file final18.txt (compact mmCIF, C-alpha atoms and all ligand atoms)
# COMPACT_ATOMS: atom_id res chain seq x y z
CA MET A 1022 76.20 66.38 -53.12
CA LYS A 1023 76.87 67.28 -49.50
CA LYS A 1024 76.88 64.33 -47.15
CA TYR A 1025 73.43 63.80 -45.61
CA ILE A 1026 73.12 61.94 -42.35
CA TYR A 1027 69.73 60.75 -41.18
CA MET A 1028 69.51 60.10 -37.44
CA ASP A 1029 65.77 60.46 -36.95
CA ASN A 1030 64.66 56.87 -37.46
CA ALA A 1031 62.09 57.11 -34.65
CA ALA A 1032 60.22 59.75 -36.70
CA THR A 1033 60.12 57.62 -39.83
CA THR A 1034 62.33 55.35 -41.93
CA PRO A 1035 62.92 55.07 -45.68
CA VAL A 1036 61.11 52.29 -47.53
CA LYS A 1037 63.63 49.54 -48.22
CA LYS A 1038 64.15 48.59 -51.86
CA GLU A 1039 62.96 45.01 -51.34
CA VAL A 1040 59.75 46.39 -49.83
CA LEU A 1041 59.12 48.85 -52.66
CA ASP A 1042 59.77 46.16 -55.28
CA GLU A 1043 57.05 43.96 -53.81
CA MET A 1044 54.59 46.85 -53.61
CA LEU A 1045 54.94 48.26 -57.12
CA PRO A 1046 52.91 45.69 -59.13
CA TYR A 1047 49.90 46.28 -56.87
CA PHE A 1048 49.60 49.91 -58.00
CA SER A 1049 49.20 49.13 -61.69
CA GLU A 1050 49.09 45.57 -63.10
CA LYS A 1051 47.55 43.89 -60.06
CA TYR A 1052 45.04 46.60 -59.21
CA GLY A 1053 42.00 44.45 -58.44
CA ASN A 1054 39.72 45.07 -55.48
CA PRO A 1055 40.23 42.22 -52.96
CA SER A 1056 36.44 41.96 -52.59
CA SER A 1057 35.88 41.23 -56.29
CA VAL A 1058 35.23 37.61 -57.27
CA TYR A 1059 37.21 37.48 -60.57
CA SER A 1060 40.86 36.47 -60.65
CA LEU A 1061 42.26 40.04 -60.65
CA GLY A 1062 40.44 40.57 -57.37
CA SER A 1063 41.42 37.28 -55.82
CA MET A 1064 45.06 38.01 -56.66
CA SER A 1065 44.84 41.11 -54.46
CA LYS A 1066 42.96 39.17 -51.81
CA ARG A 1067 45.74 36.58 -51.72
CA ALA A 1068 48.38 39.31 -51.38
CA VAL A 1069 46.51 40.84 -48.43
CA GLU A 1070 46.12 37.46 -46.72
CA ASP A 1071 49.77 36.64 -47.32
CA ALA A 1072 50.78 39.91 -45.62
CA ARG A 1073 48.41 39.14 -42.73
CA GLU A 1074 50.17 35.79 -42.24
CA LYS A 1075 53.55 37.51 -42.14
CA VAL A 1076 52.42 40.07 -39.54
CA ALA A 1077 50.84 37.33 -37.41
CA LYS A 1078 53.94 35.15 -37.60
CA ALA A 1079 56.21 38.04 -36.55
CA ILE A 1080 54.38 38.54 -33.22
CA GLY A 1081 53.22 35.01 -32.45
CA ALA A 1082 49.57 35.69 -33.30
CA ASN A 1083 47.00 33.95 -35.48
CA ALA A 1084 46.29 35.59 -38.87
CA ARG A 1085 42.63 35.96 -37.82
CA GLU A 1086 43.79 38.29 -35.05
CA ILE A 1087 45.46 40.85 -37.38
CA PHE A 1088 43.50 43.84 -38.75
CA PHE A 1089 44.98 46.43 -41.09
CA THR A 1090 44.57 50.13 -40.30
CA ALA A 1091 45.77 53.41 -41.81
CA GLY A 1092 48.74 53.56 -39.42
CA GLY A 1093 49.70 53.65 -35.76
CA SER A 1094 47.41 56.51 -34.78
CA GLU A 1095 44.33 54.72 -36.10
CA ALA A 1096 45.35 51.48 -34.41
CA ASP A 1097 45.71 53.31 -31.06
CA ASN A 1098 42.39 55.14 -31.52
CA TRP A 1099 40.60 51.93 -32.43
CA ALA A 1100 42.04 49.91 -29.56
CA ILE A 1101 41.12 52.49 -26.93
CA LYS A 1102 37.77 53.77 -28.25
CA GLY A 1103 36.78 50.29 -29.42
CA ILE A 1104 37.33 48.76 -25.98
CA ALA A 1105 35.83 51.76 -24.20
CA PHE A 1106 32.59 51.80 -26.23
CA GLY A 1107 32.40 48.01 -26.48
CA ASN A 1108 32.68 47.39 -22.75
CA PHE A 1109 30.86 50.37 -21.28
CA ASP A 1110 28.45 47.98 -19.52
CA LYS A 1111 31.37 46.61 -17.48
CA GLY A 1112 32.98 49.90 -16.48
CA ASN A 1113 34.29 53.28 -17.55
CA HIS A 1114 37.82 53.35 -16.15
CA ILE A 1115 41.00 53.30 -18.24
CA ILE A 1116 44.59 53.23 -17.02
CA THR A 1117 47.44 54.63 -19.10
CA THR A 1118 50.67 56.56 -18.48
CA LYS A 1119 51.85 60.16 -18.67
CA ILE A 1120 54.44 59.34 -21.35
CA GLU A 1121 52.24 57.83 -24.07
CA HIS A 1122 52.27 59.04 -27.67
CA HIS A 1123 49.63 61.70 -28.34
CA ALA A 1124 47.64 59.14 -30.35
CA VAL A 1125 46.93 57.47 -26.99
CA LEU A 1126 46.94 60.52 -24.69
CA HIS A 1127 44.60 62.66 -26.77
CA THR A 1128 42.27 59.69 -27.31
CA CYS A 1129 42.05 59.18 -23.56
CA GLU A 1130 41.46 62.91 -23.00
CA TYR A 1131 38.67 62.77 -25.57
CA LEU A 1132 37.07 59.84 -23.73
CA GLU A 1133 37.25 61.77 -20.45
CA LYS A 1134 35.00 64.39 -22.04
CA LYS A 1135 32.56 61.61 -22.94
CA GLY A 1136 32.22 60.32 -19.40
CA PHE A 1137 35.13 57.93 -19.01
CA GLU A 1138 37.63 58.12 -16.19
CA VAL A 1139 41.31 57.88 -16.94
CA THR A 1140 44.27 57.35 -14.60
CA TYR A 1141 47.58 58.60 -15.98
CA LEU A 1142 50.36 56.69 -14.22
CA ASP A 1143 53.60 58.44 -13.26
CA VAL A 1144 56.96 57.14 -14.36
CA ASP A 1145 60.28 57.19 -12.53
CA GLU A 1146 63.41 59.14 -13.54
CA TYR A 1147 64.14 56.53 -16.24
CA GLY A 1148 60.62 56.55 -17.64
CA LEU A 1149 59.55 53.23 -16.12
CA VAL A 1150 56.06 52.65 -14.73
CA ASP A 1151 55.68 51.43 -11.16
CA LEU A 1152 53.89 48.07 -11.08
CA GLU A 1153 52.61 48.67 -7.56
CA GLN A 1154 51.08 51.99 -8.60
CA LEU A 1155 49.45 50.14 -11.49
CA GLN A 1156 48.01 47.50 -9.14
CA ASN A 1157 46.68 50.20 -6.83
CA ALA A 1158 45.08 52.14 -9.68
CA ILE A 1159 42.86 49.21 -10.68
CA THR A 1160 39.22 49.45 -9.60
CA ASP A 1161 36.20 47.24 -10.30
CA LYS A 1162 35.36 49.72 -13.08
CA THR A 1163 38.68 49.29 -14.93
CA ILE A 1164 38.20 47.90 -18.43
CA LEU A 1165 41.49 48.72 -20.12
CA ILE A 1166 45.19 49.18 -19.39
CA SER A 1167 47.03 50.91 -22.25
CA ILE A 1168 50.79 51.15 -21.77
CA MET A 1169 53.30 51.66 -24.56
CA PHE A 1170 55.91 48.97 -25.22
CA ALA A 1171 58.77 51.41 -25.77
CA ASN A 1172 58.81 55.21 -25.66
CA ASN A 1173 59.36 57.14 -28.88
CA GLU A 1174 61.31 59.97 -27.25
CA ILE A 1175 63.53 58.46 -24.56
CA GLY A 1176 63.46 54.84 -25.75
CA THR A 1177 62.55 53.30 -22.38
CA VAL A 1178 61.16 49.75 -22.65
CA GLN A 1179 58.42 48.93 -20.12
CA PRO A 1180 58.08 45.66 -18.15
CA ILE A 1181 55.41 44.44 -20.58
CA LYS A 1182 55.30 40.82 -19.40
CA GLU A 1183 54.64 41.86 -15.81
CA ILE A 1184 51.97 44.34 -16.89
CA GLY A 1185 50.35 41.62 -19.02
CA GLU A 1186 50.27 39.29 -16.03
CA ILE A 1187 48.63 41.89 -13.82
CA ALA A 1188 46.00 42.66 -16.49
CA LYS A 1189 45.24 38.98 -17.02
CA GLU A 1190 44.99 38.25 -13.32
CA ARG A 1191 42.54 41.12 -12.83
CA ASN A 1192 40.61 40.28 -16.00
CA ILE A 1193 41.28 43.62 -17.69
CA TYR A 1194 42.16 44.13 -21.35
CA PHE A 1195 45.77 45.10 -22.03
CA HIS A 1196 46.64 47.25 -25.06
CA THR A 1197 50.20 48.21 -25.93
CA ASP A 1198 51.34 50.80 -28.45
CA ALA A 1199 54.25 48.85 -29.93
CA VAL A 1200 54.89 51.25 -32.81
CA GLN A 1201 58.49 51.84 -31.70
CA ALA A 1202 59.07 48.29 -30.55
CA ILE A 1203 58.14 46.33 -33.67
CA GLY A 1204 61.30 45.46 -35.57
CA ASN A 1205 63.47 46.49 -32.61
CA ILE A 1206 62.35 43.97 -29.98
CA GLU A 1207 61.25 40.34 -30.35
CA ILE A 1208 57.60 40.13 -29.39
CA ASP A 1209 55.33 37.16 -28.68
CA VAL A 1210 51.85 38.43 -27.83
CA LYS A 1211 50.77 35.15 -26.21
CA GLU A 1212 53.80 34.90 -23.98
CA LEU A 1213 53.40 38.55 -22.94
CA ASN A 1214 49.60 38.32 -22.36
CA ILE A 1215 48.90 41.18 -24.74
CA ASP A 1216 45.25 41.56 -25.85
CA LEU A 1217 45.72 44.42 -28.32
CA LEU A 1218 48.87 45.70 -30.02
CA SER A 1219 49.39 48.65 -32.39
CA MET A 1220 52.04 48.85 -35.09
CA SER A 1221 52.93 51.17 -37.98
CA ALA A 1222 54.91 50.18 -41.10
CA HIS A 1223 56.79 53.44 -41.64
CA LYS A 1224 58.70 52.99 -38.39
CA PHE A 1225 60.31 49.78 -39.72
CA TYR A 1226 61.18 50.54 -43.36
CA GLY A 1227 57.67 50.12 -44.73
CA PRO A 1228 55.37 52.73 -46.28
CA LYS A 1229 53.53 55.50 -44.42
CA GLY A 1230 49.80 55.37 -43.82
CA ILE A 1231 49.54 51.67 -43.08
CA GLY A 1232 49.53 49.83 -39.77
CA ALA A 1233 47.83 47.01 -37.97
CA LEU A 1234 46.03 46.25 -34.76
CA TYR A 1235 46.38 42.81 -33.22
CA VAL A 1236 43.16 41.91 -31.43
CA ARG A 1237 43.33 38.66 -29.45
CA GLN A 1238 40.61 36.17 -30.34
CA GLY A 1239 37.65 36.71 -28.00
CA VAL A 1240 38.31 40.36 -27.15
CA LYS A 1241 35.13 42.41 -27.24
CA ILE A 1242 35.79 45.52 -29.34
CA ASP A 1243 33.59 47.94 -31.30
CA PRO A 1244 34.65 48.94 -34.82
CA LEU A 1245 36.04 52.45 -35.32
CA ILE A 1246 35.38 52.68 -39.07
CA THR A 1247 32.01 51.34 -40.17
CA GLY A 1248 30.94 50.62 -43.73
CA GLY A 1249 31.68 47.62 -45.93
CA ALA A 1250 32.44 44.10 -44.76
CA GLN A 1251 36.23 44.28 -45.13
CA GLU A 1252 38.56 42.96 -42.39
CA ARG A 1253 35.83 40.58 -41.24
CA ARG A 1254 33.44 43.49 -40.60
CA ARG A 1255 35.77 45.11 -38.13
CA ARG A 1256 37.43 47.78 -40.26
CA ALA A 1257 35.54 49.00 -43.30
CA GLY A 1258 37.09 50.45 -46.46
CA THR A 1259 38.75 49.00 -49.56
CA GLU A 1260 42.11 47.63 -48.49
CA ASN A 1261 45.25 49.64 -49.33
CA VAL A 1262 46.72 46.61 -51.09
CA PRO A 1263 50.19 47.96 -52.08
CA ALA A 1264 50.74 49.35 -48.59
CA ILE A 1265 49.56 46.13 -46.93
CA VAL A 1266 51.95 44.14 -49.13
CA GLY A 1267 54.71 46.58 -48.09
CA LEU A 1268 53.87 46.16 -44.40
CA GLY A 1269 54.06 42.38 -44.76
CA LYS A 1270 57.43 42.48 -46.48
CA ALA A 1271 58.82 45.08 -44.06
CA ILE A 1272 57.92 43.09 -40.94
CA GLU A 1273 59.35 39.91 -42.46
CA LEU A 1274 62.63 41.72 -43.21
CA ALA A 1275 62.67 43.32 -39.76
CA TYR A 1276 62.86 39.91 -38.10
CA THR A 1277 65.33 38.40 -40.57
CA ASN A 1278 68.91 38.40 -39.19
CA PHE A 1279 67.34 40.16 -36.22
CA GLU A 1280 70.05 39.36 -33.66
CA GLU A 1281 72.84 40.61 -35.89
CA LYS A 1282 71.09 43.89 -36.74
CA ASN A 1283 70.09 44.40 -33.14
CA ASN A 1284 73.60 43.90 -31.77
CA ARG A 1285 75.02 46.26 -34.37
CA LEU A 1286 72.53 48.98 -33.43
CA ILE A 1287 73.17 48.61 -29.71
CA LYS A 1288 76.90 48.91 -30.34
CA LEU A 1289 76.43 52.06 -32.43
CA ARG A 1290 74.06 53.54 -29.85
CA ASP A 1291 76.43 52.98 -26.95
CA LEU A 1292 79.34 54.31 -28.97
CA LEU A 1293 77.44 57.50 -29.74
CA ILE A 1294 76.48 58.00 -26.08
CA GLU A 1295 80.03 57.30 -24.93
CA LYS A 1296 81.60 59.70 -27.43
CA ILE A 1297 79.19 62.53 -26.63
CA LYS A 1298 79.84 62.11 -22.90
CA ALA A 1299 83.60 61.97 -23.44
CA ASN A 1300 83.74 65.11 -25.57
CA ILE A 1301 81.04 67.41 -24.18
CA ASP A 1302 80.45 68.45 -20.57
CA TYR A 1303 77.13 69.24 -18.88
CA VAL A 1304 75.23 66.51 -20.74
CA ARG A 1305 72.91 63.83 -19.39
CA LEU A 1306 71.36 60.76 -20.92
CA ASN A 1307 67.55 60.66 -20.77
CA GLY A 1308 65.82 57.31 -20.38
CA HIS A 1309 67.09 54.02 -18.99
CA PRO A 1310 70.76 53.07 -19.59
CA THR A 1311 69.96 49.47 -20.65
CA LYS A 1312 66.18 49.01 -20.83
CA ARG A 1313 66.06 51.14 -23.96
CA LEU A 1314 65.47 50.82 -27.70
CA PRO A 1315 68.57 49.69 -29.58
CA GLY A 1316 68.81 52.84 -31.73
CA ASN A 1317 67.71 55.52 -29.26
CA VAL A 1318 69.98 58.25 -27.93
CA ASN A 1319 68.31 61.14 -26.08
CA MET A 1320 70.46 63.65 -24.26
CA CYS A 1321 70.11 67.03 -22.63
CA PHE A 1322 72.75 69.68 -23.29
CA GLN A 1323 72.70 72.25 -20.52
CA PHE A 1324 72.74 75.99 -21.43
CA ILE A 1325 71.47 75.29 -24.97
CA GLU A 1326 68.13 75.37 -26.77
CA GLY A 1327 67.36 72.08 -28.52
CA GLU A 1328 65.83 74.00 -31.41
CA SER A 1329 69.06 75.94 -32.09
CA LEU A 1330 70.95 72.68 -31.91
CA LEU A 1331 68.64 71.15 -34.52
CA LEU A 1332 69.01 74.07 -36.93
CA SER A 1333 72.79 74.02 -36.65
CA LEU A 1334 72.88 70.26 -37.20
CA ASP A 1335 70.62 70.64 -40.22
CA MET A 1336 73.07 73.12 -41.72
CA GLU A 1337 75.72 70.40 -41.41
CA GLY A 1338 73.42 67.93 -43.19
CA ILE A 1339 72.41 66.04 -40.05
CA ALA A 1340 68.74 65.22 -39.41
CA ALA A 1341 67.79 64.81 -35.74
CA SER A 1342 64.93 65.72 -33.43
CA SER A 1343 64.44 67.57 -30.17
CA GLY A 1344 62.28 65.39 -28.00
CA SER A 1345 59.25 64.60 -30.12
CA ALA A 1346 58.65 65.42 -33.77
CA CYS A 1347 55.02 66.08 -32.95
CA THR A 1348 55.85 68.85 -30.49
CA SER A 1349 58.54 70.63 -32.46
CA GLY A 1350 57.09 73.81 -33.83
CA SER A 1351 55.64 74.60 -30.44
CA LEU A 1352 57.85 75.74 -27.60
CA ASP A 1353 56.25 73.59 -24.90
CA PRO A 1354 58.79 71.15 -23.53
CA SER A 1355 58.06 67.49 -24.18
CA HIS A 1356 55.52 65.90 -21.81
CA VAL A 1357 57.79 62.86 -21.59
CA LEU A 1358 60.82 64.81 -20.39
CA LEU A 1359 58.67 66.63 -17.84
CA ALA A 1360 57.24 63.31 -16.63
CA ILE A 1361 60.73 61.94 -15.88
CA GLY A 1362 61.27 64.97 -13.67
CA LEU A 1363 63.32 67.34 -15.81
CA SER A 1364 62.86 71.08 -15.32
CA HIS A 1365 61.50 73.10 -18.24
CA GLU A 1366 64.93 74.66 -18.66
CA ILE A 1367 66.83 71.36 -18.91
CA ALA A 1368 64.11 69.76 -21.05
CA HIS A 1369 64.49 72.54 -23.62
CA GLY A 1370 68.06 71.45 -24.27
CA SER A 1371 67.19 67.94 -25.38
CA LEU A 1372 68.34 66.23 -28.54
CA ARG A 1373 67.13 62.88 -29.89
CA LEU A 1374 69.33 60.94 -32.29
CA THR A 1375 67.74 57.67 -33.43
CA LEU A 1376 69.83 55.19 -35.37
CA GLY A 1377 68.69 52.71 -37.98
CA ASP A 1378 69.90 50.02 -40.35
CA PHE A 1379 71.56 52.55 -42.68
CA ASN A 1380 73.69 54.41 -40.12
CA THR A 1381 77.41 53.67 -39.83
CA GLU A 1382 80.23 54.12 -37.32
CA GLU A 1383 81.74 56.70 -39.64
CA GLU A 1384 78.58 58.77 -39.34
CA ILE A 1385 78.77 58.57 -35.54
CA ASP A 1386 82.24 60.10 -35.63
CA TYR A 1387 81.14 62.81 -38.03
CA VAL A 1388 78.09 63.73 -35.93
CA VAL A 1389 80.08 63.89 -32.69
CA GLU A 1390 82.72 66.06 -34.35
CA LYS A 1391 80.07 68.52 -35.56
CA LEU A 1392 78.14 68.37 -32.30
CA VAL A 1393 81.23 69.35 -30.28
CA LYS A 1394 81.73 72.44 -32.44
CA ILE A 1395 78.07 73.43 -32.46
CA VAL A 1396 77.64 73.02 -28.70
CA ASP A 1397 80.81 75.01 -28.12
CA ARG A 1398 79.62 77.85 -30.34
CA LEU A 1399 76.09 77.96 -28.87
CA ARG A 1400 77.39 77.88 -25.32
CA SER A 1401 79.84 80.68 -25.99
CA MET A 1402 76.74 82.85 -26.49
CA SER A 1403 75.24 81.80 -23.16
CA PRO A 1404 75.99 84.19 -20.27
CA LEU A 1405 74.96 81.47 -17.83
CA TYR A 1406 77.49 79.02 -19.20
CA GLU A 1407 80.27 81.61 -19.04
CA LYS A 1408 79.41 82.28 -15.42
CA VAL A 1409 79.41 78.58 -14.48
CA LYS A 1410 82.77 78.15 -16.22
CA GLU A 1411 84.27 81.08 -14.32
CA GLU A 1412 83.07 79.74 -10.97
CA LYS A 1413 84.62 76.34 -11.67
C1 LIG A 1501 54.82 57.13 -34.78
C2 LIG A 1501 54.08 56.67 -33.57
C3 LIG A 1501 52.68 56.58 -33.56
C4 LIG A 1501 51.83 57.05 -34.73
O1 LIG A 1501 51.96 56.22 -35.83
P1 LIG A 1501 51.50 56.79 -37.28
O2 LIG A 1501 51.59 55.59 -38.17
O3 LIG A 1501 52.50 57.84 -37.63
O4 LIG A 1501 50.12 57.30 -37.14
C5 LIG A 1501 52.08 56.10 -32.42
N1 LIG A 1501 52.79 55.72 -31.35
C6 LIG A 1501 54.13 55.78 -31.32
C7 LIG A 1501 54.86 55.32 -30.12
C8 LIG A 1501 54.82 56.27 -32.43
O5 LIG A 1501 56.15 56.35 -32.38

call {"tool": "encode", "arguments": {"input": "final18.txt", "output": "structure tokens", "more": "lines below"}}
Ligand SMILES: *Cc1c(COP(=O)(O)O)cnc(C)c1O
result
Amino acid sequence: MKKYIYMDNAATTPVKKEVLDEMLPYFSEKYGNPSSVYSLGSMSKRAVEDAREKVAKAIGANAREIFFTAGGSEADNWAIKGIAFGNFDKGNHIITTKIEHHAVLHTCEYLEKKGFEVTYLDVDEYGLVDLEQLQNAITDKTILISIMFANNEIGTVQPIKEIGEIAKERNIYFHTDAVQAIGNIEIDVKELNIDLLSMSAHKFYGPKGIGALYVRQGVKIDPLITGGAQERRRRAGTENVPAIVGLGKAIELAYTNFEEKNNRLIKLRDLLIEKIKANIDYVRLNGHPTKRLPGNVNMCFQFIEGESLLLSLDMEGIAASSGSACTSGSLDPSHVLLAIGLSHEIAHGSLRLTLGDFNTEEEIDYVVEKLVKIVDRLRSMSPLYEKVKEEK
């Protein structure tokens, strides 16, 4: 078989074998409903509670503060709509940023249509929010600040502790979409003053369709899904037991040998950036040079369409992404790249390579070798590039 190289770990990750092994019995032998009183049911109940403990432990929360959802999008929807509808008596103003995932952005836009007011904070050229702008945006109607921990496209990590302090001081709930951060950054929700935190298992080697929302004890939030009494009446529906077990195992693994894995990824990331810069001209790194996710590389290649780059890489057996997986298929440039000030033209030439636990240094060399050839070929078809070269 032709070599296949997967460098799109921000889009999703494979389920690790240890995770799958723990999940399998809960599909067939241990199929009981956690709400049932007989032993088959209580076995499932124990498995769910065990996973809840693991999630809580990983982020410094109490197990009572963890609620399972059907993924990151549901967790984001619940956090934002749940706080908005649950605290309408206090105010109708929400603060977020222009670079959030669509699960947050489109939820906020929906709430605007329902009478809420939303401030979308700018970011600087690196994708960082301005804490002073945040302070100034707060009004006596502000009920929620929702700012992502780390960006899925450019990898920029926000000053979460400082944001948490501001929110606490002003008595406003603070939600963070930590879908990209979990497993990649050590997080203690108490230390960071986080009130609500979203996560999704498939971004850290767990299964798809399962996530969790951390809701600090005492936070006033409406349910999103109503029905049965599951999840202490906050999220109805029979629990997805195998997936919950998988989430628990995946988060436990993610923070085992964390330092070692993290350092390895950072080394690989910096090597990839360095080699691209050394071998290809007219490239720029998007996002912050150091305040960025360990596996994230996002670069713009001038005079090239990101989509053509992706197709050529695919033909070489390399899986990557141009900006955001959610926007590929449409030709609109990524809202994140526009927010950091790139022109439409430059933004179109972006490529995201996201590394994970299974990538190797050998693969980095292979990808750079192919990338050099592909960029060369694509640019040779660009009249603009030829002109710039002549003028040089
Ligand atoms: C993937 C992702 C989501 C959505 O999570 P799903 O589990 O796929 O619904 C939300 N926010 C960020 C930052 C993501 O990367």

call {"tool": "atom_distance", "arguments": {"input": "final18.txt", "atom1": "atom CA of A:Gly1248", "atom2": "atom CA of A:Leu1234"}}
result
18.1 Å

call {"tool": "residues_near_ligand", "arguments": {"input": "final18.txt", "ligand": "ligand LIG 1501 (chain A)", "cutoff": "6 Å", "atoms": "only C-alpha atoms and all ligand atoms", "output": "PyMOL selection string"}}
result
chain A and resi 1092-1094+1122+1124+1172-1173+1198+1200-1201+1221+1230

call {"tool": "atom_distance", "arguments": {"input": "final18.txt", "atom1": "atom CA of A:Gly1107", "atom2": "atom CA of A:Val1069"}}
result
27.1 Å

call {"tool": "atom_distance", "arguments": {"input": "final18.txt", "atom1": "atom CA of A:Glu1295", "atom2": "atom CA of A:Asn1319"}}
result
12.4 Å

call {"tool": "closest_residue", "arguments": {"input": "final18.txt", "among": "A:Ile1265, A:Ser1333, A:Leu1399, A:Leu1405", "to": "A:Leu1045", "atoms": "only C-alpha atoms"}}
result
A:Ile1265

call {"tool": "residues_around", "arguments": {"input": "final18.txt", "residues": "stretch 1379-1388 of chain A", "least_positions_apart": "3", "cutoff": "8 Å", "atoms": "all atoms listed in the file", "output": "PyMOL selection string"}}
result
chain A and resi 1026-1028+1289+1292-1293+1339+1376+1391-1392

call {"tool": "write_last_selection", "arguments": {"input": "final18.txt", "atoms": "C-alpha atoms", "output": "mmCIF file, in the frame of the given file"}}
result
data_model
loop_
_atom_site.group_PDB
_atom_site.id
_atom_site.type_symbol
_atom_site.label_atom_id
_atom_site.label_comp_id
_atom_site.auth_asym_id
_atom_site.auth_seq_id
_atom_site.Cartn_x
_atom_site.Cartn_y
_atom_site.Cartn_z
ATOM 1 C CA ILE A 1026 73.120 61.940 -42.350
ATOM 2 C CA TYR A 1027 69.730 60.750 -41.180
ATOM 3 C CA MET A 1028 69.510 60.100 -37.440
ATOM 4 C CA LEU A 1289 76.430 52.060 -32.430
ATOM 5 C CA LEU A 1292 79.340 54.310 -28.970
ATOM 6 C CA LEU A 1293 77.440 57.500 -29.740
ATOM 7 C CA ILE A 1339 72.410 66.040 -40.050
ATOM 8 C CA LEU A 1376 69.830 55.190 -35.370
ATOM 9 C CA LYS A 1391 80.070 68.520 -35.560
ATOM 10 C CA LEU A 1392 78.140 68.370 -32.300
#

call {"tool": "closest_residue", "arguments": {"input": "final18.txt", "among": "A:Gln1238, A:Ser1403, A:Gln1323, A:Asn1307", "to": "A:Leu1217", "atoms": "only C-alpha atoms"}}
result
A:Gln1238

call {"tool": "closest_residue", "arguments": {"input": "final18.txt", "among": "A:Lys1312, A:Lys1229, A:Lys1296, A:Lys1111", "to": "A:Asn1261", "atoms": "only C-alpha atoms"}}
result
A:Lys1229

call {"tool": "axis_aligned_box", "arguments": {"input": "final18.txt", "around": "stretch 1254-1261 of chain A", "padding_each_side": "5 Å", "output": "AutoDock Vina command-line options"}}
result
--center_x 39.3 --center_y 47.0 --center_z -43.8 --size_x 21.8 --size_y 17.0 --size_z 21.4

call {"tool": "closest_residue", "arguments": {"input": "final18.txt", "among": "A:Ala1275, A:Leu1372, A:Ile1361, A:Val1409", "to": "A:Asp1145", "atoms": "only C-alpha atoms"}}
result
A:Ile1361

call {"tool": "closest_residue", "arguments": {"input": "final18.txt", "among": "A:Asn1098, A:Ile1325, A:Glu1043, A:Gly1112", "to": "A:Ser1401", "atoms": "all atoms listed in the file"}}
result
A:Ile1325

call {"tool": "residues_near_point", "arguments": {"input": "final18.txt", "point": "(56.3, 35.0, -30.5)", "cutoff": "9 Å", "atoms": "only C-alpha atoms", "output": "JSON, numbers by chain"}}
result
{"A": [1078, 1079, 1080, 1081, 1082, 1207, 1208, 1209, 1210, 1211, 1212, 1213]}

call {"tool": "residues_around", "arguments": {"input": "final18.txt", "residues": "A:His1127", "least_positions_apart": "3", "cutoff": "12 Å", "atoms": "all atoms listed in the file", "output": "list of chain:residue names"}}
result
A:Ser1094, A:Asp1097, A:Asn1098, A:Ile1101, A:Lys1102, A:Thr1117, A:Thr1118, A:Lys1119, A:Ile1120, A:Glu1121, A:His1122, A:His1123, A:Ala1124, A:Glu1130, A:Tyr1131, A:Leu1132, A:Glu1133, A:Lys1134, A:Val1139, A:Tyr1141

call {"tool": "closest_residue", "arguments": {"input": "final18.txt", "among": "A:Gly1136, A:Gly1103, A:Pro1263, A:Gly1249", "to": "A:Lys1066", "atoms": "only C-alpha atoms"}}
result
A:Pro1263

call {"tool": "residues_near_point", "arguments": {"input": "final18.txt", "point": "(63.3, 74.1, -16.4)", "cutoff": "12 Å", "atoms": "all atoms listed in the file", "output": "PyMOL selection string"}}
result
chain A and resi 1321+1323-1326+1353-1355+1358-1359+1362-1371

call {"tool": "closest_atom_pairs", "arguments": {"input": "final18.txt", "of": "stretch 1164-1246 of chain A", "to": "stretch 1250-1256 of chain A", "cutoff": "9 Å", "atoms": "only C-alpha atoms", "output": "tab-separated table"}}
result
residue	atom	partner	partner_atom	distance
A:Ile1242	CA	A:Arg1255	CA	8.8
A:Asp1243	CA	A:Arg1255	CA	7.7
A:Pro1244	CA	A:Arg1255	CA	5.2
A:Leu1245	CA	A:Arg1256	CA	6.9
A:Ile1246	CA	A:Arg1256	CA	5.4

call {"tool": "residues_around", "arguments": {"input": "final18.txt", "residues": "A:Phe1195", "least_positions_apart": "2", "cutoff": "9 Å", "atoms": "only C-alpha atoms", "output": "number ranges by chain"}}
result
A: 1164-1168, 1184-1185, 1188-1189, 1193, 1197, 1214-1218

call {"tool": "residues_around", "arguments": {"input": "final18.txt", "residues": "A:Leu1274", "least_positions_apart": "5", "cutoff": "9 Å", "atoms": "only C-alpha atoms", "output": "list in words"}}
result
Glu1039, Val1040, Gly1204, Tyr1226, Gly1269 and Phe1279 of chain A

call {"tool": "residues_around", "arguments": {"input": "final18.txt", "residues": "A:Lys1051", "least_positions_apart": "2", "cutoff": "9 Å", "atoms": "all atoms listed in the file", "output": "PyMOL selection string"}}
result
chain A and resi 1046-1049+1053+1061-1062+1064-1065
